[in-house]
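Below is the file my_file-v4.pdb, which contains PDB, C-alpha atoms.
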ATOM      1  CA  MET I 246      20.908   0.156 -37.328  1.00  0.00           C
ATOM      2  CA  LYS I 247      18.663   2.183 -35.025  1.00  0.00           C
ATOM      3  CA  SER I 248      15.691   1.707 -37.344  1.00  0.00           C
ATOM      4  CA  LEU I 249      16.213  -2.075 -37.385  1.00  0.00           C
ATOM      5  CA  TYR I 250      16.322  -2.068 -33.586  1.00  0.00           C
ATOM      6  CA  GLY I 251      13.097  -0.033 -33.496  1.00  0.00           C
ATOM      7  CA  ILE I 252      11.351  -2.407 -35.884  1.00  0.00           C
ATOM      8  CA  LEU I 253      12.441  -5.472 -33.897  1.00  0.00           C
ATOM      9  CA  LEU I 254      11.336  -3.849 -30.655  1.00  0.00           C
ATOM     10  CA  ALA I 255       7.940  -2.966 -32.148  1.00  0.00           C
ATOM     11  CA  LEU I 256       7.507  -6.538 -33.432  1.00  0.00           C
ATOM     12  CA  PHE I 257       8.408  -7.921 -30.007  1.00  0.00           C
ATOM     13  CA  TRP I 258       5.790  -5.775 -28.257  1.00  0.00           C
ATOM     14  CA  LEU I 259       3.179  -6.566 -30.902  1.00  0.00           C
ATOM     15  CA  GLU I 260       3.778 -10.300 -30.456  1.00  0.00           C
ATOM     16  CA  ALA I 261       3.746 -10.006 -26.651  1.00  0.00           C
ATOM     17  CA  PHE I 262       0.431  -8.124 -26.777  1.00  0.00           C
ATOM     18  CA  ALA I 263      -1.062 -10.731 -29.129  1.00  0.00           C
ATOM     19  CA  ILE I 264      -0.052 -13.584 -26.806  1.00  0.00           C
ATOM     20  CA  ILE I 265      -1.409 -11.803 -23.724  1.00  0.00           C
ATOM     21  CA  HIS I 266      -4.669 -11.056 -25.522  1.00  0.00           C
ATOM     22  CA  LEU I 267      -4.965 -14.694 -26.627  1.00  0.00           C
ATOM     23  CA  VAL I 268      -4.366 -16.000 -23.099  1.00  0.00           C
ATOM     24  CA  GLU I 269      -6.889 -13.550 -21.658  1.00  0.00           C
ATOM     25  CA  ALA I 270      -9.546 -14.658 -24.133  1.00  0.00           C
ATOM     26  CA  GLN I 271      -9.542 -18.326 -23.100  1.00  0.00           C
ATOM     27  CA  ASN I 272     -12.410 -19.718 -21.063  1.00  0.00           C
ATOM     28  CA  GLN I 273     -12.169 -20.996 -17.512  1.00  0.00           C
ATOM     29  CA  GLU I 274     -13.421 -24.523 -18.122  1.00  0.00           C
ATOM     30  CA  GLY I 275     -11.636 -27.012 -15.876  1.00  0.00           C
ATOM     31  CA  PHE I 276     -10.182 -24.351 -13.573  1.00  0.00           C
ATOM     32  CA  ILE I 277     -11.296 -23.079 -10.175  1.00  0.00           C
ATOM     33  CA  SER I 278     -10.214 -19.597  -9.117  1.00  0.00           C
ATOM     34  CA  LEU I 279     -10.369 -19.270  -5.344  1.00  0.00           C
ATOM     35  CA  ASP I 280     -10.618 -16.009  -3.444  1.00  0.00           C
ATOM     36  CA  CYS I 281      -8.987 -16.938  -0.136  1.00  0.00           C
ATOM     37  CA  GLY I 282     -11.005 -15.759   2.834  1.00  0.00           C
ATOM     38  CA  LEU I 283     -14.089 -14.801   0.825  1.00  0.00           C
ATOM     39  CA  PRO I 284     -17.299 -15.582   2.769  1.00  0.00           C
ATOM     40  CA  LEU I 285     -19.650 -18.094   1.123  1.00  0.00           C
ATOM     41  CA  ASN I 286     -22.453 -15.499   0.977  1.00  0.00           C
ATOM     42  CA  GLU I 287     -20.299 -13.312  -1.348  1.00  0.00           C
ATOM     43  CA  SER I 288     -19.411 -16.192  -3.657  1.00  0.00           C
ATOM     44  CA  PRO I 289     -19.148 -16.594  -6.582  1.00  0.00           C
ATOM     45  CA  TYR I 290     -18.460 -13.328  -8.373  1.00  0.00           C
ATOM     46  CA  ILE I 291     -16.957 -12.367 -11.712  1.00  0.00           C
ATOM     47  CA  GLU I 292     -13.977 -10.014 -11.628  1.00  0.00           C
ATOM     48  CA  SER I 293     -14.782  -7.177 -14.023  1.00  0.00           C
ATOM     49  CA  GLU I 294     -11.404  -6.740 -15.728  1.00  0.00           C
ATOM     50  CA  SER I 295     -10.414 -10.365 -16.402  1.00  0.00           C
ATOM     51  CA  GLN I 296     -13.939 -11.862 -16.442  1.00  0.00           C
ATOM     52  CA  ILE I 297     -12.649 -14.676 -14.206  1.00  0.00           C
ATOM     53  CA  GLN I 298     -15.189 -16.211 -11.835  1.00  0.00           C
ATOM     54  CA  PHE I 299     -13.890 -16.399  -8.263  1.00  0.00           C
ATOM     55  CA  SER I 300     -15.347 -18.682  -5.583  1.00  0.00           C
ATOM     56  CA  SER I 301     -14.897 -18.817  -1.834  1.00  0.00           C
ATOM     57  CA  ASP I 302     -12.288 -21.197  -0.459  1.00  0.00           C
ATOM     58  CA  GLU I 303     -14.557 -22.203   2.466  1.00  0.00           C
ATOM     59  CA  SER I 304     -15.576 -25.425   0.699  1.00  0.00           C
ATOM     60  CA  PHE I 305     -11.913 -26.482   0.528  1.00  0.00           C
ATOM     61  CA  ILE I 306     -10.427 -25.410   3.882  1.00  0.00           C
ATOM     62  CA  GLN I 307     -11.816 -24.837   7.355  1.00  0.00           C
ATOM     63  CA  THR I 308      -8.620 -23.814   9.192  1.00  0.00           C
ATOM     64  CA  GLY I 309      -6.808 -20.517   9.408  1.00  0.00           C
ATOM     65  CA  LYS I 310      -8.127 -17.064  10.090  1.00  0.00           C
ATOM     66  CA  ILE I 311      -9.808 -14.687   7.682  1.00  0.00           C
ATOM     67  CA  GLY I 312      -8.731 -11.104   7.212  1.00  0.00           C
ATOM     68  CA  ARG I 313     -10.135  -8.259   5.147  1.00  0.00           C
ATOM     69  CA  ILE I 314      -8.449  -5.142   3.790  1.00  0.00           C
ATOM     70  CA  PRO I 315      -9.961  -1.973   5.354  1.00  0.00           C
ATOM     71  CA  GLU I 316     -12.787  -0.567   3.207  1.00  0.00           C
ATOM     72  CA  ASN I 317     -11.007   2.754   2.689  1.00  0.00           C
ATOM     73  CA  LEU I 318      -8.154   0.852   0.977  1.00  0.00           C
ATOM     74  CA  GLU I 319     -10.320  -1.475  -1.131  1.00  0.00           C
ATOM     75  CA  SER I 320     -10.606  -0.990  -4.870  1.00  0.00           C
ATOM     76  CA  PRO I 321     -13.591  -2.332  -6.823  1.00  0.00           C
ATOM     77  CA  ASN I 322     -11.184  -3.451  -9.572  1.00  0.00           C
ATOM     78  CA  LEU I 323      -9.074  -5.471  -7.133  1.00  0.00           C
ATOM     79  CA  LYS I 324     -11.735  -7.475  -5.296  1.00  0.00           C
ATOM     80  CA  PRO I 325      -9.711 -10.744  -5.324  1.00  0.00           C
ATOM     81  CA  TYR I 326      -7.119  -8.979  -3.152  1.00  0.00           C
ATOM     82  CA  SER I 327      -9.520  -7.603  -0.534  1.00  0.00           C
ATOM     83  CA  THR I 328      -9.787 -10.811   1.542  1.00  0.00           C
ATOM     84  CA  LEU I 329      -7.168 -13.245   2.766  1.00  0.00           C
ATOM     85  CA  ARG I 330      -6.731 -16.389   4.798  1.00  0.00           C
ATOM     86  CA  TYR I 331      -3.728 -16.696   7.094  1.00  0.00           C
ATOM     87  CA  PHE I 332      -2.421 -19.309   9.496  1.00  0.00           C
ATOM     88  CA  PRO I 333      -0.871 -17.730  12.621  1.00  0.00           C
ATOM     89  CA  ASP I 334      -0.799 -20.907  14.737  1.00  0.00           C
ATOM     90  CA  GLY I 335       1.426 -22.995  12.474  1.00  0.00           C
ATOM     91  CA  ILE I 336       5.131 -23.684  12.837  1.00  0.00           C
ATOM     92  CA  ARG I 337       5.864 -22.100   9.456  1.00  0.00           C
ATOM     93  CA  ASN I 338       3.783 -19.192   8.247  1.00  0.00           C
ATOM     94  CA  CYS I 339       3.862 -17.035   5.190  1.00  0.00           C
TER      95      CYS I 339
END

How does the structure come out when it is put into structure tokens?
Amino acid sequence: MKSLYGILLALFWLEAFAIIHLVEAQNQEGFISLDCGLPLNESPYIESESQIQFSSDESFIQTGKIGRIPENLESPNLKPYSTLRYFPDGIRNC
């Protein structure tokens, strides 16, 4: 019984990996990936791990404030997470 469980578990992980790999391999045609808060002069860029092209959101929104993660905390592999746009003056904020 344990060996059957092990085989089923291995097949599950193999299938999950195959699906993830397939999804990752698709192109970006028809999609826009926005990096919220990214200045226009740093746009666009291609994220090295996923090969997704990110663009600034400045062409889509002019409100809110822009923040940036301190340089000592930035990671070159996590560039999409180094800038943000927030809205402190609204009634509801997230």

* Asked: Which is closest to Arg313 of chain I among I:Gly282, I:Ile336, I:Glu287, I:Glu294, if we use all atoms listed in the file?
  ->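 Smallest distance to Arg313 of chain I is found for I:Gly282.
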
* **Output check: residues returned by the PyMOL selection byres ((chain I and resi 327) around 6), as a list in words** =>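 So the PyMOL selection byres ((chain I and resi 327) around 6), applied here, picks out Arg313, Ile314, Lys324, Pro325, Tyr326 and Thr328 of chain I.
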
* Asked: Suppose you want the space between atom CA of Ile311 of chain I and atom CA of Arg330 of chain I; what is it in Å?
  ->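 Taking atom CA of Ile311 of chain I as the start and atom CA of Arg330 of chain I as the end point, the length is 4.5 Å.
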
* Pairwise distance for atom CA of Phe332 of chain I and atom CA of Glu316 of chain I, rounded to one decimal in Å ->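 Those two atoms sit 22.3 Å apart.
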
* To one decimal in Å, tell me the separation between atom CA of Pro321 of chain I and atom CA of Gly309 of chain I. =>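 Atom-to-atom, atom CA of Pro321 of chain I and atom CA of Gly309 of chain I are spaced 25.3 Å apart.
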
* Of the candidates I:Trp258, I:Tyr331, I:Asn272, I:Ser248, which one gets nearest to Gln296 of chain I if we count all atoms listed in the file? -> I:Asn272

* Test item: the PyMOL selection byres ((chain I and resi 291) around 12) resolved as a list in words ->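 For this structure, the PyMOL selection byres ((chain I and resi 291) around 12) captures Gln273, Ser278, Leu279, Asp280, Glu287, Ser288, Pro289, Tyr290, Glu292, Ser293, Glu294, Ser295, Gln296, Ile297, Gln298, Phe299, Ser300, Ser301, Pro321, Asn322, Leu323, Lys324 and Pro325 of chain I.
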
For segment 304-311 of chain I, I'd like the enclosing box, axis-aligned and padded by 6 Å on every side, reported as AutoDock Vina command-line options with centre and edge lengths in Å to one decimal.
--center_x -11.2 --center_y -20.6 --center_z 5.3 --size_x 20.8 --size_y 23.8 --size_z 21.6

* Could you tell me which of I:Glu274, I:Leu283, I:Thr308, I:Gly251 comes closest to Leu329 of chain I if we count only C-alpha atoms? =>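 Of all the options, I:Leu283 lies closest to Leu329 of chain I.
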